[in-house]
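Source file: protein.txt (compact mmCIF, C-alpha atoms)
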# COMPACT_ATOMS: atom_id res chain seq x y z
CA MET A 28 -63.08 9.29 159.13
CA VAL A 29 -61.84 12.56 160.63
CA ASP A 30 -62.84 14.14 163.94
CA GLN A 31 -64.84 17.25 163.17
CA ALA A 32 -64.07 19.82 165.85
CA ALA A 33 -63.91 22.77 163.47
CA ASP A 34 -66.74 24.50 161.61
CA ASP A 35 -68.90 21.90 159.86
CA SER A 36 -71.06 24.33 157.89
CA ALA A 37 -69.87 22.85 154.58
CA LEU A 38 -70.86 19.31 155.61
CA ILE A 39 -74.23 17.66 155.07
CA ARG A 40 -76.19 16.92 158.23
CA SER A 41 -78.31 13.86 158.88
CA PRO A 42 -82.06 14.48 159.17
CA LEU A 43 -81.54 13.25 162.75
CA HIS A 44 -78.71 15.64 163.61
CA GLU A 45 -80.58 17.35 166.44
CA ARG A 46 -81.47 13.99 167.98
CA HIS A 47 -77.77 13.13 168.08
CA VAL A 48 -76.87 16.51 169.59
CA ALA A 49 -79.45 15.92 172.31
CA LEU A 50 -77.85 12.55 173.07
CA GLY A 51 -74.43 14.17 173.48
CA ALA A 52 -72.86 12.71 170.34
CA LYS A 53 -69.32 13.48 169.31
CA PHE A 54 -69.33 14.11 165.56
CA ALA A 55 -66.93 13.27 162.74
CA GLU A 56 -66.72 13.99 159.03
CA PHE A 57 -67.51 11.00 156.85
CA GLY A 58 -67.98 11.15 153.09
CA GLY A 59 -68.91 14.84 153.18
CA TRP A 60 -71.39 14.39 156.04
CA THR A 61 -71.10 15.17 159.74
CA MET A 62 -72.21 12.02 161.56
CA PRO A 63 -72.10 10.67 165.12
CA LEU A 64 -68.71 9.14 165.90
CA GLU A 65 -69.67 8.05 169.40
CA TYR A 66 -72.02 8.89 172.23
CA PRO A 67 -71.14 9.35 175.92
CA THR A 68 -71.50 5.57 176.34
CA GLY A 69 -68.23 5.18 174.37
CA VAL A 70 -67.21 3.00 171.45
CA VAL A 71 -66.49 -0.18 173.44
CA LYS A 72 -69.86 -0.19 175.21
CA GLU A 73 -71.65 0.58 171.95
CA HIS A 74 -69.76 -2.24 170.23
CA THR A 75 -70.55 -4.66 173.06
CA ALA A 76 -74.25 -3.74 173.04
CA VAL A 77 -74.46 -4.82 169.40
CA ARG A 78 -72.62 -8.09 170.02
CA GLU A 79 -74.63 -8.94 173.16
CA ALA A 80 -78.00 -7.15 172.85
CA VAL A 81 -78.92 -4.53 170.23
CA GLY A 82 -77.78 -1.16 168.94
CA ILE A 83 -79.14 1.45 166.55
CA PHE A 84 -77.08 3.40 164.01
CA ASP A 85 -77.96 6.40 161.90
CA VAL A 86 -76.27 5.68 158.58
CA SER A 87 -78.15 8.24 156.52
CA HIS A 88 -74.86 9.31 154.95
CA LEU A 89 -75.06 6.17 152.81
CA GLY A 90 -76.08 6.94 149.25
CA LYS A 91 -79.50 6.34 147.79
CA ALA A 92 -80.15 6.19 144.05
CA THR A 93 -82.81 4.62 141.85
CA VAL A 94 -82.57 3.04 138.43
CA THR A 95 -86.00 2.97 136.81
CA GLY A 96 -87.70 2.31 133.49
CA PRO A 97 -88.07 -0.62 131.08
CA GLY A 98 -85.05 -2.89 131.43
CA ALA A 99 -83.72 -1.14 134.55
CA ALA A 100 -82.77 -4.37 136.33
CA ALA A 101 -81.21 -5.80 133.16
CA TYR A 102 -79.12 -2.64 132.81
CA VAL A 103 -77.88 -2.88 136.41
CA ASP A 104 -77.03 -6.54 135.82
CA ALA A 105 -75.03 -5.67 132.69
CA THR A 106 -72.93 -3.04 134.46
CA LEU A 107 -72.41 -3.97 138.13
CA SER A 108 -70.36 -7.02 139.03
CA ASN A 109 -72.72 -9.45 140.75
CA SER A 110 -75.40 -11.46 138.97
CA LEU A 111 -79.05 -10.71 139.64
CA ALA A 112 -79.76 -14.24 138.41
CA LYS A 113 -78.56 -15.39 141.85
CA ILE A 114 -81.50 -13.65 143.53
CA ARG A 115 -85.06 -12.55 142.75
CA PRO A 116 -87.19 -9.41 143.19
CA GLY A 117 -87.60 -8.66 146.89
CA LYS A 118 -83.98 -9.55 147.62
CA ALA A 119 -80.90 -7.41 148.13
CA GLN A 120 -77.40 -8.14 146.87
CA TYR A 121 -73.87 -6.97 147.61
CA THR A 122 -72.18 -5.92 144.38
CA LEU A 123 -69.36 -3.80 142.97
CA CYS A 124 -69.13 -0.97 140.51
CA CYS A 125 -65.81 -1.52 138.74
CA ASP A 126 -63.87 0.55 136.26
CA GLU A 127 -64.24 -0.78 132.73
CA GLU A 128 -60.57 -0.33 131.83
CA THR A 129 -58.73 -1.32 135.03
CA GLY A 130 -61.23 -3.43 136.97
CA GLY A 131 -60.58 -1.28 140.05
CA ILE A 132 -63.43 -0.87 142.51
CA VAL A 133 -65.24 2.45 142.07
CA ASP A 134 -67.53 1.47 144.94
CA ASP A 135 -69.13 -1.45 146.74
CA LEU A 136 -72.85 -1.16 147.24
CA ILE A 137 -76.13 -2.91 147.96
CA VAL A 138 -78.73 -3.44 145.23
CA TYR A 139 -82.40 -3.69 146.24
CA TRP A 140 -84.24 -5.40 143.38
CA HIS A 141 -87.86 -4.24 143.57
CA ASP A 142 -88.91 -5.39 140.08
CA ASP A 143 -87.65 -5.39 136.51
CA GLU A 144 -88.27 -1.66 136.20
CA ARG A 145 -87.11 -0.43 139.60
CA VAL A 146 -83.84 -0.96 141.44
CA LEU A 147 -82.64 0.92 144.53
CA LEU A 148 -78.90 1.33 144.98
CA VAL A 149 -77.20 2.09 148.31
CA PRO A 150 -73.58 3.09 147.61
CA ASN A 151 -71.07 4.69 149.97
CA ALA A 152 -71.51 8.36 150.80
CA ALA A 153 -68.34 9.65 149.14
CA ASN A 154 -68.90 7.64 145.96
CA THR A 155 -72.61 8.17 145.33
CA ALA A 156 -72.18 10.98 142.82
CA GLU A 157 -69.59 9.01 140.84
CA VAL A 158 -71.66 5.83 140.75
CA VAL A 159 -74.70 7.81 139.60
CA ARG A 160 -72.61 9.66 136.99
CA ARG A 161 -71.25 6.46 135.48
CA LEU A 162 -74.59 4.70 135.41
CA ALA A 163 -76.43 7.74 134.02
CA ALA A 164 -73.83 8.28 131.30
CA ALA A 165 -74.22 4.73 129.95
CA ALA A 166 -77.96 4.27 130.55
CA PRO A 167 -79.99 3.16 127.52
CA GLU A 168 -82.96 5.16 126.33
CA GLY A 169 -85.88 4.90 128.72
CA VAL A 170 -83.78 4.07 131.79
CA SER A 171 -83.36 6.84 134.36
CA VAL A 172 -80.73 7.02 137.11
CA THR A 173 -81.74 9.39 139.91
CA ASP A 174 -79.65 10.54 142.87
CA GLU A 175 -81.89 10.51 145.97
CA HIS A 176 -79.05 10.83 148.47
CA ARG A 177 -80.76 13.42 150.69
CA ASP A 178 -84.33 12.15 150.34
CA HIS A 179 -84.15 9.23 152.77
CA VAL A 180 -82.96 8.33 156.23
CA VAL A 181 -81.18 5.01 156.73
CA LEU A 182 -81.24 3.35 160.16
CA ALA A 183 -79.49 0.12 161.11
CA VAL A 184 -80.85 -1.91 164.04
CA GLN A 185 -78.27 -4.60 164.78
CA GLY A 186 -78.06 -7.35 167.38
CA ARG A 187 -79.85 -10.40 168.75
CA PHE A 188 -82.87 -8.38 169.92
CA SER A 189 -83.34 -6.49 166.66
CA ASP A 190 -86.47 -8.49 165.77
CA GLU A 191 -88.13 -7.58 169.06
CA VAL A 192 -87.36 -3.88 168.62
CA LEU A 193 -88.70 -3.69 165.07
CA ALA A 194 -91.79 -5.77 165.82
CA ALA A 195 -92.70 -3.40 168.63
CA VAL A 196 -93.08 -0.54 166.14
CA GLY A 197 -94.96 -2.60 163.55
CA MET A 198 -92.06 -3.33 161.22
CA PRO A 199 -91.80 -6.72 159.44
CA VAL A 200 -89.22 -9.14 160.89
CA GLY A 201 -88.02 -12.68 160.37
CA HIS A 202 -87.62 -12.55 156.61
CA ASP A 203 -84.66 -14.25 154.97
CA TYR A 204 -81.15 -12.82 155.10
CA MET A 205 -80.64 -10.22 152.34
CA SER A 206 -84.36 -9.94 151.63
CA PHE A 207 -86.53 -6.89 152.23
CA ALA A 208 -90.14 -6.02 152.91
CA GLU A 209 -92.10 -2.77 152.88
CA ALA A 210 -94.24 -1.45 155.72
CA PRO A 211 -96.36 1.66 156.33
CA PHE A 212 -95.30 4.16 158.98
CA GLU A 213 -97.12 7.42 159.59
CA GLY A 214 -98.25 7.67 155.99
CA ALA A 215 -94.89 6.74 154.49
CA THR A 216 -93.38 3.49 153.21
CA VAL A 217 -90.38 2.04 155.00
CA VAL A 218 -88.14 -0.55 153.32
CA VAL A 219 -86.85 -3.05 155.89
CA CYS A 220 -83.94 -5.19 154.72
CA ARG A 221 -82.35 -7.95 156.77
CA THR A 222 -78.76 -6.90 156.38
CA GLY A 223 -76.10 -4.77 158.02
CA TYR A 224 -72.39 -4.11 158.45
CA THR A 225 -71.76 -5.65 161.87
CA GLY A 226 -71.94 -9.42 161.44
CA GLU A 227 -74.92 -9.62 163.80
CA ARG A 228 -78.51 -10.41 162.97
CA GLY A 229 -80.14 -7.11 162.12
CA TYR A 230 -82.01 -4.87 159.74
CA GLU A 231 -81.51 -1.69 157.77
CA LEU A 232 -84.48 0.64 157.31
CA VAL A 233 -84.75 3.10 154.42
CA ALA A 234 -87.46 5.71 155.00
CA PRO A 235 -88.43 9.14 153.65
CA VAL A 236 -86.88 12.07 155.50
CA ALA A 237 -90.37 13.23 156.54
CA VAL A 238 -90.67 10.36 159.04
CA ALA A 239 -87.02 10.23 160.15
CA GLU A 240 -87.56 11.69 163.61
CA PRO A 241 -90.75 9.80 164.59
CA LEU A 242 -89.23 6.53 163.32
CA TRP A 243 -86.03 7.09 165.32
CA ASP A 244 -88.04 8.02 168.42
CA ALA A 245 -90.26 4.95 168.13
CA LEU A 246 -87.30 2.61 167.72
CA MET A 247 -85.41 4.20 170.62
CA ALA A 248 -88.45 3.81 172.87
CA ALA A 249 -88.99 0.20 171.81
CA GLY A 250 -85.34 -0.62 172.40
CA GLU A 251 -85.25 0.47 176.03
CA ALA A 252 -86.60 -2.87 177.25
CA HIS A 253 -83.79 -4.69 175.44
CA GLY A 254 -80.85 -2.52 176.47
CA MET A 255 -80.54 -0.88 173.05
CA VAL A 256 -78.04 1.96 172.76
CA ALA A 257 -77.39 4.52 170.06
CA CYS A 258 -74.13 3.67 168.29
CA GLY A 259 -71.82 5.85 166.25
CA LEU A 260 -69.48 5.26 163.34
CA GLY A 261 -66.63 4.40 165.72
CA ALA A 262 -68.41 1.24 166.86
CA ARG A 263 -69.53 0.54 163.32
CA ASP A 264 -65.87 0.52 162.30
CA THR A 265 -64.72 -1.85 165.07
CA LEU A 266 -67.66 -4.17 164.38
CA ARG A 267 -67.04 -4.35 160.63
CA THR A 268 -63.28 -4.80 161.14
CA GLU A 269 -63.91 -7.80 163.42
CA MET A 270 -65.86 -9.28 160.50
CA GLY A 271 -63.18 -8.41 157.95
CA TYR A 272 -65.67 -6.36 155.94
CA PRO A 273 -63.76 -3.98 153.64
CA LEU A 274 -64.20 -0.21 153.75
CA HIS A 275 -63.97 1.69 150.48
CA GLY A 276 -61.22 4.26 150.59
CA GLN A 277 -59.13 2.11 152.93
CA ASP A 278 -59.22 -1.60 152.05
CA ILE A 279 -60.68 -1.26 148.56
CA SER A 280 -60.47 1.52 145.99
CA LEU A 281 -59.98 2.23 142.30
CA ASP A 282 -56.47 0.81 142.79
CA VAL A 283 -57.77 -2.51 144.15
CA THR A 284 -59.62 -5.16 142.13
CA PRO A 285 -62.23 -7.66 143.38
CA ASN A 286 -59.69 -10.46 142.93
CA GLU A 287 -57.18 -8.68 145.15
CA ALA A 288 -59.84 -7.88 147.75
CA ARG A 289 -61.12 -11.48 147.91
CA LEU A 290 -64.47 -10.26 146.65
CA GLY A 291 -64.69 -12.64 143.72
CA TRP A 292 -67.83 -14.10 145.30
CA ALA A 293 -69.54 -10.78 144.45
CA VAL A 294 -68.74 -11.13 140.75
CA GLY A 295 -70.97 -12.93 138.26
CA TRP A 296 -68.14 -14.63 136.42
CA LYS A 297 -70.54 -16.43 134.05
CA LYS A 298 -72.21 -13.22 132.90
CA ASP A 299 -71.49 -12.01 129.39
CA ALA A 300 -70.89 -8.48 130.52
CA PHE A 301 -70.20 -6.20 133.48
CA TRP A 302 -67.85 -3.26 133.84
CA GLY A 303 -64.28 -4.57 133.98
CA HIS A 304 -65.32 -8.02 132.68
CA ASP A 305 -62.35 -8.73 130.41
CA VAL A 306 -59.55 -7.40 132.59
CA LEU A 307 -60.91 -9.10 135.72
CA LEU A 308 -61.30 -12.47 134.02
CA ALA A 309 -57.72 -12.23 132.77
CA GLU A 310 -56.44 -11.31 136.24
CA ARG A 311 -58.44 -14.16 137.77
CA ALA A 312 -56.88 -16.63 135.34
CA ASP A 313 -53.35 -15.43 136.08
CA GLY A 314 -53.94 -14.98 139.81
CA PRO A 315 -53.70 -11.59 141.56
CA LYS A 316 -50.25 -10.51 142.69
CA ARG A 317 -51.53 -9.22 146.03
CA ILE A 318 -54.42 -10.20 148.30
CA LEU A 319 -56.28 -8.56 151.17
CA ARG A 320 -55.38 -10.54 154.30
CA GLY A 321 -56.54 -10.54 157.90
CA LEU A 322 -54.08 -10.20 160.81
CA VAL A 323 -54.49 -10.97 164.51
CA ALA A 324 -51.99 -9.84 167.15
CA THR A 325 -50.08 -12.53 169.04
CA GLY A 326 -49.24 -9.94 171.70
CA ARG A 327 -50.57 -6.54 172.71
CA GLY A 328 -50.00 -4.63 169.45
CA ILE A 329 -52.87 -2.66 167.94
CA PRO A 330 -52.54 -2.03 164.20
CA ARG A 331 -53.60 1.22 162.56
CA PRO A 332 -53.90 2.19 158.88
CA HIS A 333 -50.62 2.85 157.04
CA MET A 334 -48.42 0.97 159.54
CA SER A 335 -45.87 -1.09 157.59
CA VAL A 336 -46.05 -4.89 157.45
CA SER A 337 -42.88 -6.97 157.05
CA LEU A 338 -42.03 -10.65 156.60
CA THR A 339 -38.69 -10.13 158.32
CA PRO A 340 -37.40 -6.82 159.68
CA ASP A 341 -35.79 -5.99 156.34
CA VAL A 342 -38.40 -7.49 153.96
CA LEU A 343 -41.35 -5.12 153.66
CA LEU A 344 -44.62 -6.55 152.34
CA GLY A 345 -47.15 -3.71 152.46
CA GLU A 346 -49.14 -1.74 154.99
CA ILE A 347 -52.19 -1.99 157.19
CA THR A 348 -55.36 -0.80 155.44
CA SER A 349 -57.70 -1.16 158.44
CA GLY A 350 -56.73 -1.89 162.02
CA THR A 351 -58.23 -1.61 165.48
CA PHE A 352 -58.48 -3.04 168.97
CA SER A 353 -61.11 -5.78 168.93
CA PRO A 354 -63.38 -5.33 171.97
CA THR A 355 -64.65 -8.90 171.49
CA LEU A 356 -61.25 -10.62 171.28
CA ARG A 357 -59.43 -8.08 173.45
CA LYS A 358 -56.56 -7.91 170.98
CA GLY A 359 -55.50 -6.10 167.83
CA VAL A 360 -56.94 -7.12 164.44
CA GLY A 361 -56.54 -5.66 160.99
CA LEU A 362 -56.48 -6.01 157.23
CA ALA A 363 -53.57 -5.52 154.84
CA LEU A 364 -52.90 -5.89 151.12
CA LEU A 365 -49.97 -8.31 150.94
CA PRO A 366 -48.17 -10.20 148.17
CA ALA A 367 -49.97 -13.39 147.16
CA PHE A 368 -46.87 -15.52 147.82
CA VAL A 369 -47.12 -14.97 151.58
CA ALA A 370 -48.47 -18.11 153.28
CA GLU A 371 -52.06 -17.99 154.55
CA ASP A 372 -50.99 -18.56 158.18
CA ALA A 373 -47.67 -16.74 158.15
CA GLU A 374 -46.44 -14.61 161.02
CA VAL A 375 -45.58 -11.05 160.03
CA GLY A 376 -44.35 -7.95 161.79
CA VAL A 377 -46.23 -4.66 162.07
CA ASP A 378 -44.27 -1.50 162.86
CA ILE A 379 -46.16 0.07 165.78
CA ARG A 380 -44.44 3.30 166.74
CA GLY A 381 -41.01 1.84 166.13
CA ARG A 382 -41.70 -1.58 167.70
CA ARG A 383 -42.07 -4.65 165.54
CA GLU A 384 -45.13 -6.47 166.89
CA ILE A 385 -45.92 -9.99 165.64
CA PHE A 386 -49.25 -10.80 163.98
CA ARG A 387 -50.55 -14.04 162.51
CA LEU A 388 -52.32 -13.98 159.16
CA THR A 389 -55.88 -15.25 159.57
CA LYS A 390 -58.80 -15.48 157.17
CA PRO A 391 -61.64 -13.24 158.45
CA PRO A 392 -64.07 -13.08 160.10
CA PHE A 393 -62.18 -12.79 163.36
CA VAL A 394 -65.33 -13.47 165.41
CA ASP A 395 -68.25 -15.83 164.76
CA PRO A 396 -71.08 -14.04 162.91
CA SER A 397 -74.75 -14.46 163.74
CA VAL A 398 -75.99 -12.50 160.73
CA ARG A 399 -77.49 -15.53 158.97
CA GLU A 400 -79.09 -17.15 162.00
CA ASP A 401 -82.82 -17.85 161.69
Could you spell out this file's structure in structure tokens?
Amino acid sequence: MVDQAADDSALIRSPLHERHVALGAKFAEFGGWTMPLEYPTGVVKEHTAVREAVGIFDVSHLGKATVTGPGAAAYVDATLSNSLAKIRPGKAQYTLCCDEETGGIVDDLIVYWHDDERVLLVPNAANTAEVVRRLAAAAPEGVSVTDEHRDHVVLAVQGRFSDEVLAAVGMPVGHDYMSFAEAPFEGATVVVCRTGYTGERGYELVAPVAVAEPLWDALMAAGEAHGMVACGLGARDTLRTEMGYPLHGQDISLDVTPNEARLGWAVGWKKDAFWGHDVLLAERADGPKRILRGLVATGRGIPRPHMSVSLTPDVLLGEITSGTFSPTLRKGVGLALLPAFVAEDAEVGVDIRGRREIFRLTKPPFVDPSVRED
């Protein structure tokens, strides 16, 4: 994520761009889009609002693509890593698009299984075109893969009062974690899924661009009674880092496999086929040589991406992939790809501007999640 102070004419704007300008947002480039980084409230207050009350995010930069036609769901199941047999139509699932030859992660995404002939995919902004390209190139006759990246707005309402906010505008609430429901709104259909990227109870809404502004306005008005604030991608990053959720392009990439990223739970190991099947099973049997680990500061150090991690001052292990100050814990937390031989609870050093600060390896999440609470 890069601050966008220069001309952003080449970047894609959210359908809600003018709403964010009116709120005084500071913008940043993300995946080819210019999106709100933070509002005048500031990242820490936005972060805290989500942990303690409720916040709303515009995440319309996320990709949107459909796979349709006879056997569409079966095709998705045969290519992406997770197993649709674990869920049913009306549910969503975290999954991975892996490279067939290397097993590296092309992207991590959410699958919305509508029915056997219609699946909605929500990949990351920067990887949408590549995911669509790969799926379209291998699609069997009769199955269509369509990029709908700019056709929908995606809003995330996250926090303990998210149900109250959505209910006030007539949206369905209370359904199971990782399930979705559809609801009418001003002549359009809104998909409301109980998921998010913060660790808090919340929902993500996918709606046609035509109703983006009235839907945003209605949610903002409904949220006033519950202390809801508009949140930018800065707070989204600190929230997801506290949960240890990986970010593609930093913690995971084509050079990182699901085994290395501790994402084996998102792989259908019993399936006969998915992209990268053979190489990933072989790596799983042998054990990955490096693993994505969580780190928590024992002092005042705040880790940032690319800072070196060492076992002793002269034994380098790797580098920080994601790192931030945790507003909840009031200390530094981060993620790093480290050799598998390093003990789960080892103390390591992080080079912070020439000072070696001590961190303890810890399995994320770093804070207690409420995302699955009824």
To one decimal place, how far is atom CA of A:Arg320 from atom CA of A:His304 in Å?
23.9 Å
Of the candidates A:Ala163, A:Leu147, A:Val192, A:Val377, which one gets nearest to A:Arg327 if we count only C-alpha atoms?
A:Val377
Work out how far atom CA of A:Val218 is from atom CA of A:Ala166, in Å to one decimal.
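Taking atom CA of A:Ala166 as the start and atom CA of A:Val218 as the end point, the length is 25.4 Å.
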So which one's closest to A:Ala112, A:Ile137, A:Glu384, A:Gly328, A:Lys298? Using all atoms listed in the file, please.
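Between A:Ile137, A:Glu384, A:Gly328, A:Lys298, the residue approaching A:Ala112 most closely is A:Lys298.
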Could you state the separation of atom CA of A:Glu144 and atom CA of A:Val172 in Å, given to one decimal place?
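Interatomic distance, atom CA of A:Glu144 to atom CA of A:Val172: 11.5 Å.
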Rank A:Thr325, A:Phe301, A:Thr106, A:Asp174 by their smallest atom-to-atom distance to A:Arg357, using all atoms listed in the file, and report the top residue only.
A:Thr325
Residue nearest A:Pro67 among A:Leu162, A:Val48, A:Val170, A:Ala80 (counting all atoms listed in the file)
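Checking each of A:Leu162, A:Val48, A:Val170, A:Ala80 against A:Pro67, counting all atoms listed in the file, the winner is A:Val48.
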For A:Met62, the nearest of the candidates A:Val398, A:Val133, A:Leu319, A:Ala152, counting all atoms listed in the file
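Result for the nearest residue to A:Met62: A:Ala152.
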I'd like the contact shell of A:Arg311 - 8 Å cut-off, all atoms listed in the file, skipping same-chain residues fewer than 4 positions apart - returned as JSON, numbers by chain.
{"A": [286, 307, 315]}
Kindly export the residues of the current selection with C-alpha atoms, as a PDB file, in the frame of the given file.
ATOM      1  CA  ASN A 286     -59.690 -10.460 142.930  1.00  0.00           C
ATOM      2  CA  LEU A 307     -60.910  -9.100 135.720  1.00  0.00           C
ATOM      3  CA  PRO A 315     -53.700 -11.590 141.560  1.00  0.00           C
TER       4      PRO A 315
END
Write out as a VMD selection string the residues lying within 12 Å of stretch 70-76 of chain A, counting all atoms listed in the file and excluding same-chain residues fewer than 2 positions away.
chain A and resid 52 to 53 63 to 68 78 to 84 184 to 189 225 to 227 250 253 to 269 351 to 357
Mind checking which residues fall within 8 Å of A:Gly326, counting all atoms listed in the file, ignoring those fewer than 4 positions away in the same chain, and posting them as a VMD selection string?
chain A and resid 358 384 to 386
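The residue that comes closest to A:Ser108, out of A:Gly291, A:Gly96, A:Gly321, A:Gly229 and on the basis of all atoms listed in the file, is A:Gly291.
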